[in-house]
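Novice: Provided herewith: data_39.txt, compact mmCIF, C-alpha atoms.
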# COMPACT_ATOMS: atom_id res chain seq x y z
CA MET A 1 -20.26 -14.26 -14.99
CA LEU A 2 -23.42 -12.17 -15.28
CA ALA A 3 -26.84 -13.77 -15.31
CA HIS A 4 -28.86 -13.57 -18.52
CA HIS A 5 -31.94 -11.91 -17.09
CA THR A 6 -32.81 -8.49 -15.79
CA ARG A 7 -33.47 -9.58 -12.20
CA SER A 8 -29.82 -10.37 -11.53
CA LYS A 9 -27.99 -7.60 -9.71
CA VAL A 10 -24.24 -7.33 -9.44
CA VAL A 11 -21.93 -5.37 -7.16
CA SER A 12 -18.53 -4.94 -8.82
CA PRO A 13 -15.43 -2.78 -8.26
CA SER A 14 -14.82 0.13 -10.64
CA ARG A 15 -11.43 -0.44 -12.26
CA VAL A 16 -9.52 0.54 -15.41
CA THR A 17 -11.42 -2.31 -17.08
CA GLY A 18 -14.71 -0.68 -16.13
CA HIS A 19 -15.61 -0.20 -19.78
CA THR A 20 -16.14 -3.93 -20.34
CA TYR A 21 -17.26 -4.91 -16.86
CA ILE A 22 -19.50 -1.96 -16.06
CA ALA A 23 -20.75 -0.96 -19.49
CA TYR A 24 -20.53 -3.45 -22.37
CA GLY A 25 -20.85 -6.80 -20.60
CA PRO A 26 -23.85 -6.07 -18.33
CA LEU A 27 -25.71 -4.28 -21.13
CA ALA A 28 -25.10 -7.21 -23.47
CA VAL A 29 -26.74 -9.71 -21.09
CA GLY A 30 -29.46 -7.41 -19.74
CA ALA A 31 -28.25 -7.41 -16.12
CA THR A 32 -29.13 -4.81 -13.53
CA GLN A 33 -26.05 -3.52 -11.70
CA VAL A 34 -25.25 -1.84 -8.43
CA ILE A 35 -22.03 0.02 -9.14
CA PHE A 36 -19.90 0.79 -6.11
CA GLU A 37 -17.26 3.51 -6.18
CA GLY A 38 -15.50 4.60 -3.02
CA VAL A 39 -14.02 3.08 0.11
CA PRO A 40 -15.79 -0.11 1.29
CA THR A 41 -15.11 0.74 4.93
CA HIS A 42 -16.88 4.13 4.92
CA PRO A 43 -19.06 5.02 6.74
CA ASP A 44 -18.37 1.58 8.21
CA ALA A 45 -17.09 -1.81 7.05
CA GLY A 46 -20.61 -3.20 6.67
CA ARG A 47 -21.30 -1.05 3.63
CA PHE A 48 -20.99 -3.88 1.08
CA TRP A 49 -23.21 -6.19 3.10
CA GLU A 50 -25.83 -3.48 3.68
CA MET A 51 -26.01 -2.78 -0.06
CA ILE A 52 -26.37 -6.46 -0.90
CA ALA A 53 -29.20 -6.83 1.62
CA ARG A 54 -30.97 -3.63 0.56
CA HIS A 55 -30.82 -4.24 -3.20
CA LYS A 56 -31.13 -8.05 -3.09
CA VAL A 57 -27.89 -8.44 -5.03
CA SER A 58 -27.41 -11.91 -6.49
CA ILE A 59 -23.80 -11.73 -7.72
CA PHE A 60 -20.93 -10.12 -5.80
CA TYR A 61 -17.56 -9.58 -7.49
CA THR A 62 -14.63 -7.96 -5.71
CA ALA A 63 -10.88 -8.20 -5.07
CA PRO A 64 -9.05 -10.37 -2.50
CA THR A 65 -7.51 -7.21 -1.03
CA ALA A 66 -10.97 -5.84 -0.22
CA ILE A 67 -12.03 -9.18 1.28
CA ARG A 68 -8.98 -9.27 3.56
CA SER A 69 -9.70 -5.74 4.77
CA LEU A 70 -13.28 -6.70 5.58
CA ILE A 71 -12.18 -9.85 7.41
CA LYS A 72 -10.07 -7.69 9.70
CA ALA A 73 -12.95 -5.25 10.22
CA ALA A 74 -15.42 -8.04 10.98
CA ASP A 75 -13.05 -9.62 13.51
CA ALA A 76 -12.57 -6.29 15.26
CA ASN A 77 -16.21 -5.17 15.31
CA ALA A 78 -19.17 -7.57 15.44
CA GLU A 79 -21.47 -4.74 14.34
CA VAL A 80 -20.10 -4.93 10.78
CA HIS A 81 -19.76 -8.71 10.56
CA PRO A 82 -21.61 -10.08 7.51
CA ALA A 83 -23.59 -12.42 9.78
CA ARG A 84 -25.64 -9.37 10.86
CA TYR A 85 -26.97 -8.84 7.31
CA ASP A 86 -29.37 -10.77 5.13
CA LEU A 87 -27.18 -12.04 2.30
CA SER A 88 -29.59 -14.79 1.23
CA SER A 89 -30.10 -13.18 -2.20
CA LEU A 90 -26.54 -14.04 -3.20
CA ARG A 91 -26.08 -17.01 -5.49
CA LEU A 92 -22.61 -16.40 -6.97
CA LEU A 93 -19.35 -14.86 -5.70
CA GLY A 94 -16.41 -13.69 -7.78
CA THR A 95 -12.87 -12.56 -7.12
CA VAL A 96 -10.43 -10.74 -9.38
CA GLY A 97 -7.24 -8.68 -9.50
CA GLU A 98 -4.72 -10.89 -7.69
CA PRO A 99 -4.34 -14.44 -6.38
CA ILE A 100 -6.62 -15.26 -3.45
CA SER A 101 -5.18 -17.26 -0.57
CA PRO A 102 -7.04 -20.42 0.51
CA ASP A 103 -7.85 -18.91 3.93
CA THR A 104 -9.39 -15.80 2.38
CA TRP A 105 -11.30 -17.96 -0.10
CA GLU A 106 -12.71 -20.09 2.74
CA TRP A 107 -13.87 -17.03 4.72
CA TYR A 108 -15.51 -15.53 1.63
CA HIS A 109 -17.26 -18.81 0.85
CA ARG A 110 -18.40 -19.43 4.43
CA HIS A 111 -19.37 -15.97 5.69
CA ILE A 112 -20.53 -14.23 2.51
CA GLY A 113 -21.81 -17.18 0.52
CA SER A 114 -23.08 -19.17 3.54
CA GLY A 115 -21.23 -22.19 2.19
CA ARG A 116 -23.64 -22.50 -0.76
CA CYS A 117 -22.44 -19.91 -3.32
CA PRO A 118 -19.68 -20.93 -5.76
CA VAL A 119 -16.59 -18.71 -5.63
CA VAL A 120 -15.39 -17.97 -9.16
CA ASP A 121 -11.70 -17.04 -8.93
CA THR A 122 -11.03 -15.36 -12.28
CA PHE A 123 -7.63 -14.93 -13.94
CA TRP A 124 -7.52 -12.41 -16.75
CA GLN A 125 -5.90 -9.12 -17.72
CA THR A 126 -6.86 -5.86 -19.33
CA GLU A 127 -4.80 -7.08 -22.30
CA THR A 128 -6.81 -10.30 -22.65
CA GLY A 129 -10.18 -8.60 -22.90
CA GLY A 130 -11.92 -11.09 -20.65
CA HIS A 131 -11.58 -14.15 -18.43
CA MET A 132 -8.89 -16.66 -19.37
CA ILE A 133 -8.75 -19.18 -16.52
CA ALA A 134 -11.72 -19.63 -14.17
CA PRO A 135 -14.03 -22.34 -12.85
CA LEU A 136 -17.48 -22.70 -14.40
CA PRO A 137 -19.89 -22.47 -11.45
CA GLY A 138 -21.87 -25.65 -11.00
CA ALA A 139 -19.72 -27.55 -13.50
CA THR A 140 -16.16 -27.25 -12.17
CA ALA A 141 -15.06 -28.59 -8.80
CA LEU A 142 -13.76 -25.68 -6.71
CA VAL A 143 -10.38 -25.66 -4.99
CA PRO A 144 -9.66 -22.75 -2.60
CA GLY A 145 -6.85 -20.59 -3.98
CA SER A 146 -6.96 -22.06 -7.50
CA CYS A 147 -8.50 -20.46 -10.59
CA ALA A 148 -9.06 -24.00 -11.94
CA LEU A 149 -8.85 -24.59 -15.69
CA ALA A 150 -8.48 -22.52 -18.86
CA LEU A 151 -11.80 -21.57 -20.44
CA PRO A 152 -12.80 -23.02 -23.84
CA GLY A 153 -10.66 -21.58 -26.62
CA ILE A 154 -7.75 -20.70 -24.34
CA THR A 155 -4.62 -22.85 -24.67
CA ALA A 156 -2.73 -22.09 -21.47
CA SER A 157 0.62 -23.69 -20.67
CA VAL A 158 3.41 -23.55 -18.09
CA VAL A 159 6.97 -23.10 -19.35
CA ASP A 160 10.43 -22.40 -17.95
CA GLU A 161 12.56 -19.31 -18.67
CA THR A 162 13.62 -20.73 -22.05
CA GLY A 163 10.07 -21.46 -23.18
CA GLN A 164 10.22 -25.22 -22.61
CA PRO A 165 7.15 -26.91 -21.07
CA VAL A 166 7.43 -27.96 -17.43
CA PRO A 167 5.63 -30.97 -15.94
CA ASN A 168 2.51 -30.56 -13.84
CA GLY A 169 3.39 -30.04 -10.19
CA SER A 170 6.31 -27.74 -11.05
CA GLY A 171 6.23 -23.97 -11.03
CA GLY A 172 6.84 -21.90 -14.12
CA ILE A 173 5.68 -19.05 -16.32
CA LEU A 174 2.13 -18.80 -17.65
CA VAL A 175 1.83 -18.49 -21.45
CA ILE A 176 -1.00 -18.75 -23.96
CA ARG A 177 -0.04 -20.79 -27.04
CA ARG A 178 -2.77 -19.81 -29.51
CA PRO A 179 -4.50 -16.50 -30.32
CA TRP A 180 -8.03 -15.72 -29.16
CA PRO A 181 -10.59 -13.11 -30.33
CA SER A 182 -10.31 -10.52 -27.53
CA MET A 183 -6.51 -10.46 -27.19
CA ILE A 184 -4.43 -7.29 -27.32
CA ARG A 185 -3.32 -6.54 -30.91
CA THR A 186 -0.60 -3.95 -30.48
CA ILE A 187 0.59 -1.00 -28.39
CA TRP A 188 -0.51 2.29 -29.88
CA GLY A 189 2.36 3.75 -31.89
CA ASP A 190 4.87 1.14 -30.73
CA PRO A 191 4.33 -2.28 -32.37
CA GLU A 192 7.90 -3.35 -31.66
CA ARG A 193 7.41 -2.89 -27.92
CA PHE A 194 4.24 -4.96 -28.21
CA LYS A 195 6.20 -7.88 -29.70
CA GLN A 196 9.04 -7.62 -27.19
CA SER A 197 6.72 -7.39 -24.19
CA TYR A 198 4.06 -9.95 -25.04
CA PHE A 199 5.82 -12.33 -27.47
CA PRO A 200 9.45 -12.25 -26.24
CA GLN A 201 12.14 -13.96 -28.30
CA GLU A 202 13.56 -15.73 -25.23
CA LEU A 203 10.33 -17.77 -25.15
CA GLY A 204 10.42 -18.40 -28.89
CA GLY A 205 8.49 -15.33 -30.04
CA ASP A 206 5.30 -17.27 -30.70
CA VAL A 207 3.57 -17.49 -27.29
CA TYR A 208 1.75 -14.79 -25.34
CA LEU A 209 3.54 -14.00 -22.06
CA ALA A 210 0.99 -13.27 -19.34
CA GLY A 211 3.71 -12.12 -16.93
CA ASP A 212 2.54 -14.35 -14.08
CA GLY A 213 4.08 -17.29 -12.31
CA VAL A 214 1.93 -20.39 -11.98
CA ILE A 215 1.84 -23.94 -10.65
CA ARG A 216 -0.30 -26.61 -12.30
CA ASP A 217 -1.53 -29.38 -10.02
CA SER A 218 0.03 -32.73 -10.84
CA ASN A 219 -3.31 -34.58 -10.52
CA SER A 220 -6.12 -32.22 -11.49
CA GLY A 221 -4.21 -29.94 -13.87
CA TYR A 222 -5.67 -26.92 -12.03
CA PHE A 223 -3.77 -23.63 -12.31
CA THR A 224 -2.74 -21.68 -9.21
CA ILE A 225 -1.30 -18.23 -9.89
CA THR A 226 1.70 -17.46 -7.65
CA GLY A 227 2.12 -13.78 -8.57
CA ARG A 228 3.84 -11.62 -11.14
CA ILE A 229 7.10 -13.07 -12.44
CA ASP A 230 8.80 -9.78 -11.66
CA ASP A 231 7.78 -10.45 -8.04
CA VAL A 232 9.70 -13.74 -7.94
CA MET A 233 12.49 -13.60 -5.36
CA ASN A 234 15.81 -15.43 -5.54
CA VAL A 235 16.92 -16.14 -1.97
CA SER A 236 20.20 -18.06 -1.71
CA GLY A 237 19.47 -19.67 -5.07
CA HIS A 238 15.87 -20.60 -4.18
CA ARG A 239 13.22 -19.02 -6.41
CA MET A 240 10.00 -18.18 -4.57
CA GLY A 241 6.90 -16.26 -5.59
CA THR A 242 5.52 -13.62 -3.25
CA MET A 243 2.23 -15.52 -2.98
CA GLU A 244 4.09 -18.55 -1.61
CA ILE A 245 5.12 -16.47 1.44
CA GLU A 246 1.92 -14.43 1.74
CA SER A 247 -0.36 -17.49 1.95
CA PRO A 248 1.18 -18.96 5.14
CA LEU A 249 1.39 -15.50 6.69
CA VAL A 250 -2.34 -14.84 6.31
CA ALA A 251 -3.00 -18.36 7.59
CA HIS A 252 -1.58 -17.26 10.98
CA PRO A 253 -4.45 -16.63 13.43
CA LEU A 254 -3.32 -13.07 14.16
CA VAL A 255 -2.77 -11.92 10.56
CA ALA A 256 -5.45 -10.19 8.50
CA GLU A 257 -3.36 -9.14 5.48
CA ALA A 258 0.19 -9.59 4.23
CA ALA A 259 2.20 -8.44 1.22
CA VAL A 260 5.73 -9.59 0.43
CA VAL A 261 8.44 -8.01 -1.71
CA GLY A 262 12.13 -8.67 -2.20
CA ARG A 263 15.08 -6.38 -1.56
CA ALA A 264 18.79 -6.70 -2.28
CA ASP A 265 20.86 -8.50 0.35
CA ASP A 266 24.65 -8.91 0.46
CA VAL A 267 24.50 -12.44 1.86
CA THR A 268 21.46 -14.11 0.27
CA GLY A 269 21.25 -12.05 -2.92
CA GLU A 270 17.67 -11.12 -2.13
CA ALA A 271 15.90 -10.87 1.21
CA ILE A 272 12.19 -11.32 1.93
CA CYS A 273 10.43 -8.26 3.33
CA ALA A 274 6.89 -8.81 4.66
CA PHE A 275 4.32 -6.09 5.32
CA VAL A 276 1.74 -7.33 7.81
CA VAL A 277 -1.65 -6.11 9.03
CA LEU A 278 -2.89 -7.83 12.17
CA ARG A 279 -6.45 -8.57 13.26
CA ARG A 280 -5.81 -6.28 16.22
CA ALA A 281 -4.03 -2.99 16.87
CA CYS A 282 -0.67 -2.38 15.23
CA PRO A 283 2.16 -3.43 17.59
CA THR A 284 5.25 -1.36 18.40
CA GLY A 285 8.55 -1.81 20.22
CA ASP A 286 9.25 -5.07 22.02
CA GLU A 287 5.79 -6.44 21.26
CA ALA A 288 6.38 -5.95 17.54
CA ARG A 289 9.75 -7.69 17.77
CA GLU A 290 8.20 -10.66 19.57
CA LEU A 291 5.38 -10.94 17.03
CA ALA A 292 7.87 -10.69 14.15
CA ALA A 293 9.89 -13.55 15.62
CA ASP A 294 6.71 -15.60 16.03
CA LEU A 295 5.70 -14.98 12.40
CA ARG A 296 9.16 -15.97 11.13
CA LYS A 297 8.94 -19.21 13.09
CA TRP A 298 5.44 -19.81 11.71
CA VAL A 299 6.51 -19.31 8.07
CA GLY A 300 9.58 -21.48 8.61
CA GLY A 301 7.37 -24.24 9.96
CA GLN A 302 4.96 -23.95 7.02
CA ILE A 303 7.52 -23.77 4.19
CA GLY A 304 11.06 -24.05 5.51
CA PRO A 305 13.81 -21.88 7.02
CA ILE A 306 14.73 -20.36 3.64
CA ALA A 307 11.29 -18.71 3.44
CA LYS A 308 11.51 -16.79 6.74
CA PRO A 309 11.13 -13.04 6.12
CA LYS A 310 14.23 -11.06 7.04
CA ASP A 311 12.20 -7.89 7.63
CA ILE A 312 8.66 -7.67 8.98
CA ARG A 313 6.86 -4.33 9.03
CA PHE A 314 3.53 -3.77 10.76
CA GLY A 315 0.81 -1.32 9.83
CA ASP A 316 -2.89 -0.69 10.37
CA ASN A 317 -3.33 -1.13 6.63
CA LEU A 318 -1.39 -1.60 3.39
CA PRO A 319 -0.98 1.17 0.80
CA LYS A 320 -3.87 0.68 -1.63
CA THR A 321 -5.56 2.51 -4.43
CA ARG A 322 -9.19 3.48 -3.97
CA SER A 323 -10.16 0.38 -5.95
CA GLY A 324 -8.37 -1.80 -3.39
CA LYS A 325 -5.18 -2.64 -5.29
CA ILE A 326 -2.00 -2.92 -3.20
CA MET A 327 0.67 -0.55 -4.56
CA ARG A 328 3.65 -2.88 -4.46
CA ARG A 329 6.00 -0.35 -6.05
CA LEU A 330 5.66 1.70 -2.87
CA LEU A 331 6.34 -1.38 -0.74
CA ARG A 332 9.52 -2.04 -2.74
CA SER A 333 10.71 1.50 -2.07
CA LEU A 334 9.98 1.12 1.65
CA ALA A 335 11.81 -2.23 1.74
CA LYS A 336 14.87 -0.64 0.14
CA GLY A 337 14.79 2.26 2.58
CA GLU A 338 14.19 4.76 -0.22
CA ALA A 339 12.28 8.00 0.18
CA ILE A 340 8.86 7.82 -1.49
CA SER A 341 9.15 9.99 -4.58
CA GLN A 342 6.38 8.37 -6.64
CA ASP A 343 2.93 9.83 -7.13
CA VAL A 344 0.70 8.81 -4.21
CA SER A 345 -2.35 10.82 -5.24
CA THR A 346 -4.33 7.65 -6.02
CA LEU A 347 -3.68 6.15 -2.57
CA GLU A 348 -6.66 5.57 -0.33
CA ASN A 349 -4.51 5.85 2.81
CA PRO A 350 -1.19 7.74 2.26
CA ALA A 351 -0.60 8.14 6.03
CA VAL A 352 0.12 4.43 6.35
CA LEU A 353 3.46 4.81 4.52
CA SER A 354 5.15 6.36 7.55
CA GLN A 355 3.78 3.60 9.79
CA LEU A 356 5.36 0.90 7.61
CA GLY A 357 8.80 2.47 7.77
CA GLU A 358 10.17 0.47 10.73
CA ALA A 359 11.42 -3.07 10.17
CA PHE A 360 11.51 -5.77 12.86
Written as C-alpha cells, that's how I'd like the structure from this file.
Specialist:
Amino acid sequence: MLAHHTRSKVVSPSRVTGHTYIAYGPLAVGATQVIFEGVPTHPDAGRFWEMIARHKVSIFYTAPTAIRSLIKAADANAEVHPARYDLSSLRLLGTVGEPISPDTWEWYHRHIGSGRCPVVDTFWQTETGGHMIAPLPGATALVPGSCALALPGITASVVDETGQPVPNGSGGILVIRRPWPSMIRTIWGDPERFKQSYFPQELGGDVYLAGDGVIRDSNSGYFTITGRIDDVMNVSGHRMGTMEIESPLVAHPLVAEAAVVGRADDVTGEAICAFVVLRRACPTGDEARELAADLRKWVGGQIGPIAKPKDIRFGDNLPKTRSGKIMRRLLRSLAKGEAISQDVSTLENPAVLSQLGEAF
C-alpha cells in the first residue's frame, strides 16, 4: 500500500492497529507520513483536503464512515467541498474498517481521486496482521463495493454454517483454509478460547473463521463483504446482512449515511431497524414519518418488501468513535429500547444518542 520511496506521503487514520500501519510498515518502506488524529470535521470538514493540498500527499487511506460524513458535509457546504482544494498530488486511495457501498466508492473515486486514482478497498483484521483481500492497483480491475481477490498466499473460501463450500454467486461465511505468516497464534492465557473462536468445531476445526459474511461473484470470483456474521438478520426466515440494506439506503438521493441492526420481533422473529443521516437537516414529526415511508418504499423497490425497515430513526450523525467507527452495540441497545449503560467515553458525539431515540 505504501510507496517504496521517501517522497510518498500518506494520510491514515490512527486505530488500534496503529503499530503496524503507523510505525512498522511506513518505516520499513521509507515512506513519509502525515498522521492525522482527531475529528476530520474540525475546525471544518475540509481539513483532510487542506492537509492533502498543503503537504502534497500522494496516498490517502481512511474509513468509509469518514467518507460518508464528508460527503454530507460537502453537499451541505460548498466551502468544504473537495473540488475547492488542489488534490492533484494524490495517486492512490485506500479504504478500510468496514464494507464500502458502491455509491460511496464512486464519490470517493470521482471527487477525491478525480477519476484517475485507484481505490484499494482492503479487507483485513487486527488478527490477520495485514491485508487479506484487496485489489492490486494497476493490475486488478476495480469494482465499486468489492474488495476483489485474495492476495497471494491467502486461500480464502466461502462456506455455509456447516463448513461446506457454497457456489459462487451465493452468500456465506468467509474462511481462510491455510495458515499464513502474520496470522494470530493464540489468545494470551486462553488458548482454548482461541481455538473455539477462530477455528470452531462446527466448521470442522481446521479453517480460520474471519467472522464476516461474504458473496463471491459468479463470474469474476470477486469477494464482496456483507458485514459481520453476528450482524446477519433473520426476518421471516430470510437471512440478510446489514450491508444489503445499508447499500440501497445510502443510494437514496437524500441519504448521507445509514446503519442497520436487527431487533427481536414477535411476528417476523427479527425486525430491521435503520439509523439514517440525511444530506440535510434532521427531520422531526410528520416530515420524519413521510420520509421514513419514502425510504421504506425505496428499499422495497431495490430489494423487495421483506427488506423494508420496520423502524427508521433519524439523526444529525451516527454514534462513532473518534477514529470514525460506528458503535453498533449502542445502536442495538437503542433499537431494543434499552437504556444506554455501556461506556460512551470513546464516542466522538455522545449527544446524538438522545436524537436517535425516536422511531418512525
Novice: Tell me which protein, DNA and RNA residues are within 9 Å of Val255 in chain A, counting only C-alpha atoms, leaving out same-chain ones fewer than 4 positions away, and put them as a PyMOL selection string.
Specialist: chain A and resi 72+249-251+276-280
Novice: Smallest atom-to-atom distance to Val119 in chain A: which of A:Ser333, A:Ser354, A:Ser146, A:Ser88, using all atoms listed in the file?
Specialist: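 Under the stated criterion, the closest residue is A:Ser146.
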Novice: Measuring between only C-alpha atoms, which one of A:Ala274, A:Ile112, A:Ala31, A:Ala23 shows the shortest distance to Trp49 in chain A?
Specialist: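 Ranking A:Ala274, A:Ile112, A:Ala31, A:Ala23 by distance to Trp49 in chain A, first place goes to A:Ile112.
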Novice: Could you list, as a PyMOL selection string, every residue within 9 Å of Ala210 in chain A, counting all atoms listed in the file and ignoring same-chain residues fewer than 2 positions away?
Specialist: chain A and resi 124-125+127-128+173-176+198+208+212-213+228
Novice: Ranking A:Arg239, A:Lys56, A:Arg116, A:Arg110 by minimum distance to Gly171 in chain A and counting all atoms listed in the file, which one comes first?
Specialist: A:Arg239
Novice: Using all atoms listed in the file, what table do you get, as CSV, when you list each residue of range 33-115 of chain A with an atom no more than 9 Å from range 308-324 of chain A, its nearest pair of atoms, and their distance in Å rounded to one decimal, rows by chain then rising number?
Specialist:
residue,atom,partner,partner_atom,distance
A:Glu37,CA,A:Ser323,CA,7.8
A:Gly38,CA,A:Arg322,CA,6.5
A:Val39,CA,A:Arg322,CA,6.3
A:Pro40,CA,A:Gly324,CA,8.9
A:Ala63,CA,A:Gly324,CA,7.1
A:Pro64,CA,A:Gly324,CA,8.6
A:Thr65,CA,A:Gly324,CA,6.0
A:Ala66,CA,A:Gly324,CA,5.8
A:Ser69,CA,A:Asn317,CA,8.1
Novice: Go through A:Met132, A:Leu331, A:Val299, A:Ala339 one by one, measure the shortest atom-to-atom distance of each to Pro181 in chain A using only C-alpha atoms, and give the residue with the smallest value.
Specialist: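 When distances to Pro181 in chain A are compared using only C-alpha atoms, the smallest one comes from A:Met132.
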Novice: Quick check, in Å to one decimal: how far apart do CA of Met243 in chain A and CA of Phe48 in chain A lie?
Specialist: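 These atoms are spaced 26.3 Å apart.
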Novice: Between CA of Arg289 in chain A and CA of Ala264 in chain A, what is the distance in Å, rounded to a tenth?
Specialist: 22.0 Å
